[in-house]
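Chemist: Dropping the structure in here first, questions after.
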Amino acid sequence: MPALRKLSEITVGTKALVREFPKQGSAFLRLREMGLMPGTALTLIRTAPMGDPLEIKVRGYNLTLRKSEAEHILVEIQPAG
Amino acid sequence: MSHETKSSATPHTPVYAFVGNPNCGKSTLFNALTGLKQKVGNYPGVTVEKKIGETYSQHGHPIKIIDLPGAYSLAARSPDEAVLRDVLLGRREDTPQPDRIVCILDASNLERNLYLVHQILDLGRPVILALNMMDLAFKAGLEIRVARLEKELGIPVIPCEAANGKGLVELRQAMSRADLPLARHAWDIPAAIAPAVSELAASLHENDGKAPLSARAEALLLLTDQDTVRVTGSRPLHPRTAEIFHNWQKRWEGEGTDWAGTLVSSRYDAIGNLCGKIVERKANLGPSGSDRIDEVVTHPVWGWLVLAGIMTLVFLSIFTLAEYPMNLIDSCVAALGDWVKSAMPAGDLRNLITDGAIAGVGGVLVFLPQIMILFLFIGLLESTGYMARAAFIMDRLMSRVGLNGRSFIPLLSSYACAIPGIMATRTIEDHKDRLTTILIAPLMSCSARLPVYLLMISALVPGDRVPLLTKTLVMMFMYALGTFGAFGFAWLFKRTLLKGEPPLMIMELPPYRLPRVRDIAFHMVERAWMFLKNAGTVILAISIALWFLSAYPKAPDGASPAQQLEQSFAGRAGKALEPVIKPLGFDWQIGIGLITSFAAREVFVSTMSVVFNTEDAGENTVPLRQSLMKARWPDGRPLFTPLVCFTLMIFYVFAMQCMSTLVVVKRETNSWRWPAFQMAYMTSTAWVLAFIVYQGASLLGF
């Protein structure tokens, strides 16, 4: 089992797979409805100029979320390429 | 609604609902089909725009289209999404339940767009899919097999490019069909929750009186939306249904089943399967144009410069560009007043028409240029996609006081005028964030405060010329005071009165697109019309009332305007007000100014020239300044000491001296409660701060 990292702590440009995703909370339900859930592939595109929020690419579109949510989402980093 | 009479003669006008995610091109398609045959209003009870349009089938029969607000899910998270859900489920008495649904999808982003479609197919109504932006999908290297999608779902799928007018004929043809097939909605509800869904659906049908088809859809909604009252449409669940739901929840919690997550995942699994069959990714084309633009626009250095540049342009345009049409409106209104004066015999009626009605209409129309210019820019920023980037960049700063990036543009525009700023808060999804933004917006020093500041600064310093540095510093201090005050109150409100869920910033950054001039023009005219229709009438009535208060009772013939004003209702109110404002260093003459400037802050200046018998010299403050310097208390002390001038400015920074803003806040919040609260908190803050400054400085010997 490869090591899991918090989505809020990976570096820009990293591709990753969502492994653990909180079950409770309306923010996380909304993120699921926007297509982010365990098993989803994502790329961290950039952080905003002041470091927060994050911009990720998921299911072919760009989505923002704050670090306060991202730190509860655990991802497995995928090899580049 | 007058147009109903004609259509009621024909058998039944089919009602279509247009639904889709935000940024899918739904409005463009709606505008293209209905043209000018649109009625725009509000859904009663909420500030969500209600758009109903009419078009014709290929056989010439009328078709009604409801353009529902953009949404990502039927499990509503915002008033917009709640309206979408309630109209589709036939819960709103003010809106007919649509017979058929057209789902508009962004073809370049199918998976997420299909999520809402997947929920809507549960409703068991005839659905047509409009695959919009096929050209963009093609450019992104996606090939979509439309025929296959049609076969898989069993419903008409129309490829279109609304922005280029392609696919409209085919869509109209599909909408003209007498019969539409129901979707072959092959979707297995996951085993872990299926028994619960059928049990809940049965109970919703039997006990809550839901139609059989919508009962299943509502049962599914219950699982992703914890607020059962909202789900069933403002009625609590029947005790039996609630009990079933509760038992299942307990069981799932015991088993560790994540029911909401399971449901969402299974929908996306089904969508993933479907997309596997219909979408072919031809090549990975590398970074798109949007990605390259974003490299600059959200860059840690360039991003700020771009934002500052665009915002300066917006701000200066509202400030300066609006001035020409505003002056034109002023002079037209003045000319009309003069014409009436020359054409009518003098008397009460003539005064009512010229000084009351015509001046009041002018006072309403004068807001239009600023509103139109702001919504031109908002339209441009929204339709190009930059608005989301501005929110993305500003979010961190705004989050310090508990707001999110979406509040930035409304607050910035409030420096020009709070009215368009408050009207622009509709882009803020979260209800409490929106309300907080509305409450603090008038603290941003608007352009109507400028004449008051300028007059007071000129009276503050000795001599007829104000050194530029003094002027700039005092001005900057007042702007800063208002701004920090606004953020302080935002921080306070978000922690107390409007405490809610932790603020979110879950937002799509749509690809950059060219703006659609026609859609923006529609939107500008709509907003201007809504302002005139909803707020304009009330503002007009209040300004006539304010005119009446300063014109009656009449002074005996030969009295000067100052004497007339002194013994009018407004003058008497000013005297009655004196005990309250004396601790701030203000007398009853200033009190009259405070009362009349409730019509608009800059009226304070013209009232002062009447009170102190000065010829109105327009922009030139020197004569008025000299009269102010001569003004005395009965005991001979000067009235406008530097301290009083300074205190008065501080009072104007915070006081809610603008009835037009209050009327618009009432419109946007749907009750007089919030404008009343706003008036109370702002004016009492103004009083307390002015009191502290005046009394404190007096004690210190100033």
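Simple scheme: letters A, B, ... for chains in structure tokens order, numbers from 1 for residues in each chain, numbers from 1 for ligands in the order shown.
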Compile the residues of chain A that lie within 8 Å of chain B, evaluated using only C-alpha atoms, and express the compilation as a list in words.

Modeler: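 For chain A, the answer reads Lys23, Ala27, Leu29, Leu31, Arg32, Glu33, Met34, Gly35, Met37, Ala48, Pro49, Met50, Gly51, Asp52, Pro53, Arg59, Gly60, Tyr61, Asn62, Leu63, Thr64, Leu65 and Arg66 of chain A.
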
Chemist: Go ahead and write the selection's residues with C-alpha atoms as a CSV table (one decimal), in the first residue's frame.

Modeler:
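Here's the written file again_37.csv:
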```csv
chain,number,residue,atom,x,y,z
A,23,LYS,CA,-18.3,10.6,4.6
A,27,ALA,CA,-19.0,20.3,1.7
A,29,LEU,CA,-21.2,15.7,-0.4
A,31,LEU,CA,-17.6,17.8,-3.8
A,32,ARG,CA,-18.8,14.2,-4.5
A,33,GLU,CA,-21.7,15.6,-6.6
A,34,MET,CA,-19.1,17.6,-8.5
A,35,GLY,CA,-17.4,14.3,-9.3
A,37,MET,CA,-14.8,10.8,-4.7
A,48,ALA,CA,-4.2,30.8,-5.7
A,49,PRO,CA,-1.6,33.6,-5.3
A,50,MET,CA,-2.0,33.6,-1.6
A,51,GLY,CA,-1.6,29.8,-1.3
A,52,ASP,CA,-5.3,29.1,-0.8
A,53,PRO,CA,-7.7,27.9,-2.4
A,59,ARG,CA,-13.1,14.7,-14.8
A,60,GLY,CA,-11.9,17.1,-17.5
A,61,TYR,CA,-12.8,20.4,-15.8
A,62,ASN,CA,-11.2,22.8,-13.3
A,63,LEU,CA,-12.5,22.9,-9.7
A,64,THR,CA,-11.5,25.0,-6.7
A,65,LEU,CA,-11.6,24.1,-3.1
A,66,ARG,CA,-10.1,25.4,0.1
```

Chemist: For Thr43 of chain A, list every protein, DNA or RNA residue within 7 Å, evaluated using only C-alpha atoms, and leave out those in the same chain fewer than 5 positions away; present the list as a list in words.

Modeler: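 The residues that qualify are Gly13, Thr14, Lys15, Ala16, Ile56, Lys57 and Val58 of chain A.
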
Chemist: List the spatial neighbours of Leu628 of chain B as a list in words - criterion: any atom at most 9 Å away, only C-alpha atoms, same-chain residues fewer than 6 positions off excluded.

Modeler: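 Everything that qualifies: Ala459, Met608, Ser609, Phe612, Leu639 and Phe640 of chain B.
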
Chemist: Once DSSP has gone over the backbone, tell me which residues of segment 70-164 of chain B are in helix (DSSP H, G or I), as an NGL selection string.

Modeler: :B and (79-88 or 107-121 or 134-139 or 146-153 or 162-164)

Chemist: Restricting the output to C-alpha atoms, write the selected residues as a PDB file, in the first residue's frame.

Modeler:
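Output below, filename again_7.pdb:
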```
ATOM      1  CA  PRO B  79     -31.703  29.237  -3.394  1.00  0.00           C
ATOM      2  CA  ASP B  80     -31.099  28.877  -7.154  1.00  0.00           C
ATOM      3  CA  GLU B  81     -30.888  25.128  -6.925  1.00  0.00           C
ATOM      4  CA  ALA B  82     -33.882  24.950  -4.611  1.00  0.00           C
ATOM      5  CA  VAL B  83     -35.978  26.775  -7.207  1.00  0.00           C
ATOM      6  CA  LEU B  84     -34.846  24.345  -9.890  1.00  0.00           C
ATOM      7  CA  ARG B  85     -35.792  21.341  -7.756  1.00  0.00           C
ATOM      8  CA  ASP B  86     -39.134  22.773  -6.628  1.00  0.00           C
ATOM      9  CA  VAL B  87     -40.255  23.785 -10.118  1.00  0.00           C
ATOM     10  CA  LEU B  88     -39.329  20.395 -11.567  1.00  0.00           C
ATOM     11  CA  ALA B 107     -20.304  18.548 -24.442  1.00  0.00           C
ATOM     12  CA  SER B 108     -16.691  19.297 -23.544  1.00  0.00           C
ATOM     13  CA  ASN B 109     -17.382  18.370 -19.935  1.00  0.00           C
ATOM     14  CA  LEU B 110     -19.856  15.523 -20.205  1.00  0.00           C
ATOM     15  CA  GLU B 111     -19.314  13.494 -17.054  1.00  0.00           C
ATOM     16  CA  ARG B 112     -20.165  16.190 -14.543  1.00  0.00           C
ATOM     17  CA  ASN B 113     -22.933  17.613 -16.712  1.00  0.00           C
ATOM     18  CA  LEU B 114     -24.539  14.179 -16.913  1.00  0.00           C
ATOM     19  CA  TYR B 115     -24.835  13.978 -13.118  1.00  0.00           C
ATOM     20  CA  LEU B 116     -27.753  16.427 -13.059  1.00  0.00           C
ATOM     21  CA  VAL B 117     -29.247  14.704 -16.127  1.00  0.00           C
ATOM     22  CA  HIS B 118     -29.010  11.390 -14.306  1.00  0.00           C
ATOM     23  CA  GLN B 119     -31.043  12.811 -11.402  1.00  0.00           C
ATOM     24  CA  ILE B 120     -33.545  14.404 -13.758  1.00  0.00           C
ATOM     25  CA  LEU B 121     -34.178  11.156 -15.650  1.00  0.00           C
ATOM     26  CA  MET B 134     -19.887  20.543 -29.687  1.00  0.00           C
ATOM     27  CA  ASP B 135     -17.248  22.700 -31.377  1.00  0.00           C
ATOM     28  CA  LEU B 136     -15.366  23.158 -28.107  1.00  0.00           C
ATOM     29  CA  ALA B 137     -15.533  19.430 -27.391  1.00  0.00           C
ATOM     30  CA  PHE B 138     -14.096  18.768 -30.831  1.00  0.00           C
ATOM     31  CA  LYS B 139     -11.297  21.269 -30.229  1.00  0.00           C
ATOM     32  CA  VAL B 146     -24.430  11.259 -30.587  1.00  0.00           C
ATOM     33  CA  ALA B 147     -26.388   8.417 -32.213  1.00  0.00           C
ATOM     34  CA  ARG B 148     -24.997   5.968 -29.682  1.00  0.00           C
ATOM     35  CA  LEU B 149     -25.975   8.230 -26.769  1.00  0.00           C
ATOM     36  CA  GLU B 150     -29.467   8.533 -28.233  1.00  0.00           C
ATOM     37  CA  LYS B 151     -29.700   4.747 -28.472  1.00  0.00           C
ATOM     38  CA  GLU B 152     -28.361   4.141 -24.978  1.00  0.00           C
ATOM     39  CA  LEU B 153     -30.780   6.559 -23.317  1.00  0.00           C
ATOM     40  CA  ALA B 162     -25.818  27.796 -29.406  1.00  0.00           C
ATOM     41  CA  ALA B 163     -23.212  30.547 -29.719  1.00  0.00           C
ATOM     42  CA  ASN B 164     -23.081  29.993 -33.516  1.00  0.00           C
TER      43      ASN B 164
END
```

Chemist: Please return, as a list of chain:residue names, all residues of chain A that DSSP assigns to strand (DSSP E or B) on the basis of the backbone.

Modeler: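 The strand (DSSP E or B) subset of chain A is A:Arg5, A:Lys6, A:Lys15, A:Ala16, A:Leu17, A:Val18, A:Arg19, A:Glu20, A:Ala41, A:Leu42, A:Thr43, A:Leu44, A:Ile45, A:Arg46, A:Thr47, A:Leu54, A:Glu55, A:Ile56, A:Lys57, A:Val58, A:Tyr61, A:Asn62, A:Leu63, A:Thr64, A:Leu65, A:Leu74, A:Val75, A:Glu76, A:Ile77.
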
Chemist: With C-alpha atoms retained, could you export that selection as a PDB file, in the first residue's frame?

Modeler:
```pdb
ATOM      1  CA  ARG A   5      -0.805  12.184   1.310  1.00  0.00           C
ATOM      2  CA  LYS A   6      -3.174  15.001   2.125  1.00  0.00           C
ATOM      3  CA  LYS A  15      -1.381  13.617 -10.540  1.00  0.00           C
ATOM      4  CA  ALA A  16      -3.085  11.590  -7.845  1.00  0.00           C
ATOM      5  CA  LEU A  17      -5.940   9.206  -7.105  1.00  0.00           C
ATOM      6  CA  VAL A  18      -8.392   9.947  -4.316  1.00  0.00           C
ATOM      7  CA  ARG A  19      -8.157   7.168  -1.734  1.00  0.00           C
ATOM      8  CA  GLU A  20      -9.894   8.408   1.396  1.00  0.00           C
ATOM      9  CA  ALA A  41      -8.089  10.816 -10.674  1.00  0.00           C
ATOM     10  CA  LEU A  42      -7.077  14.443 -10.224  1.00  0.00           C
ATOM     11  CA  THR A  43      -4.249  16.821 -11.006  1.00  0.00           C
ATOM     12  CA  LEU A  44      -3.298  19.721  -8.766  1.00  0.00           C
ATOM     13  CA  ILE A  45      -3.164  22.594 -11.255  1.00  0.00           C
ATOM     14  CA  ARG A  46      -2.159  25.478  -8.997  1.00  0.00           C
ATOM     15  CA  THR A  47      -2.796  27.292  -5.774  1.00  0.00           C
ATOM     16  CA  LEU A  54      -6.443  25.107  -4.637  1.00  0.00           C
ATOM     17  CA  GLU A  55      -7.345  24.475  -8.254  1.00  0.00           C
ATOM     18  CA  ILE A  56      -7.596  20.861  -9.366  1.00  0.00           C
ATOM     19  CA  LYS A  57      -8.483  19.228 -12.649  1.00  0.00           C
ATOM     20  CA  VAL A  58     -11.019  16.475 -12.181  1.00  0.00           C
ATOM     21  CA  TYR A  61     -12.773  20.360 -15.771  1.00  0.00           C
ATOM     22  CA  ASN A  62     -11.221  22.750 -13.261  1.00  0.00           C
ATOM     23  CA  LEU A  63     -12.519  22.949  -9.718  1.00  0.00           C
ATOM     24  CA  THR A  64     -11.489  25.036  -6.722  1.00  0.00           C
ATOM     25  CA  LEU A  65     -11.610  24.077  -3.076  1.00  0.00           C
ATOM     26  CA  LEU A  74      -6.153  11.625   1.218  1.00  0.00           C
ATOM     27  CA  VAL A  75      -4.638  10.845  -2.159  1.00  0.00           C
ATOM     28  CA  GLU A  76      -2.179   8.395  -3.652  1.00  0.00           C
ATOM     29  CA  ILE A  77       0.365  10.048  -5.916  1.00  0.00           C
TER      30      ILE A  77
END
```

Chemist: Tell me which protein, DNA and RNA residues are within 12 Å of Gln97 of chain B, counting only C-alpha atoms, leaving out same-chain ones fewer than 3 positions away, and put them as a list in words.

Modeler: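 With the cut-off at 12 Å, the set is Pro14, Val15, Tyr16, Ala17, Lys64, Ile65, Ile66, Leu68, Val83, Leu84, Arg85, Asp86, Val87, Leu88, Leu89, Gly90, Arg91, Arg92, Glu93, Asp94, Arg100, Ile101 and Arg125 of chain B.
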
Chemist: Quick check, in Å to one decimal: how far apart do atom CA of Leu411 of chain B and atom CA of Val665 of chain B lie?

Modeler: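 If I compute the distance from atom CA of Leu411 of chain B to atom CA of Val665 of chain B, I get 14.2 Å.
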
Chemist: Let me make sure I understand: among B:Leu33, B:Gly124, B:Ile544, B:Phe651, which one has the smallest atom-to-atom distance to Ile590 of chain B if we use only C-alpha atoms?

Modeler: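 The answer is B:Phe651, which sits nearest to Ile590 of chain B.
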
Chemist: Interatomic distance between atom CA of Leu403 of chain B and atom CA of Ala490 of chain B?

Modeler: 7.6 Å

Chemist: Find the residues around Ala676 of chain B up to 9 Å (only C-alpha atoms counted), leave out those fewer than 5 positions away in its own chain, and share them as a list of chain:residue names.

Modeler: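 Final neighbour list, sorted by chain and number: B:Leu662, B:Lys666, B:Tyr681.
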
Chemist: Next, write the just-selected residues to a file, as a short mmCIF file (atom, residue, chain, number, x, y, z; two decimals), in the first residue's frame, keeping C-alpha atoms as the atom set.

Modeler:
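Below is the file that was written, selection_39.cif:
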```cif
data_model
loop_
_atom_site.label_atom_id
_atom_site.label_comp_id
_atom_site.auth_asym_id
_atom_site.auth_seq_id
_atom_site.Cartn_x
_atom_site.Cartn_y
_atom_site.Cartn_z
CA LEU B 662 -32.75 50.74 1.75
CA LYS B 666 -35.69 45.43 0.77
CA TYR B 681 -26.74 49.39 13.06
#
```
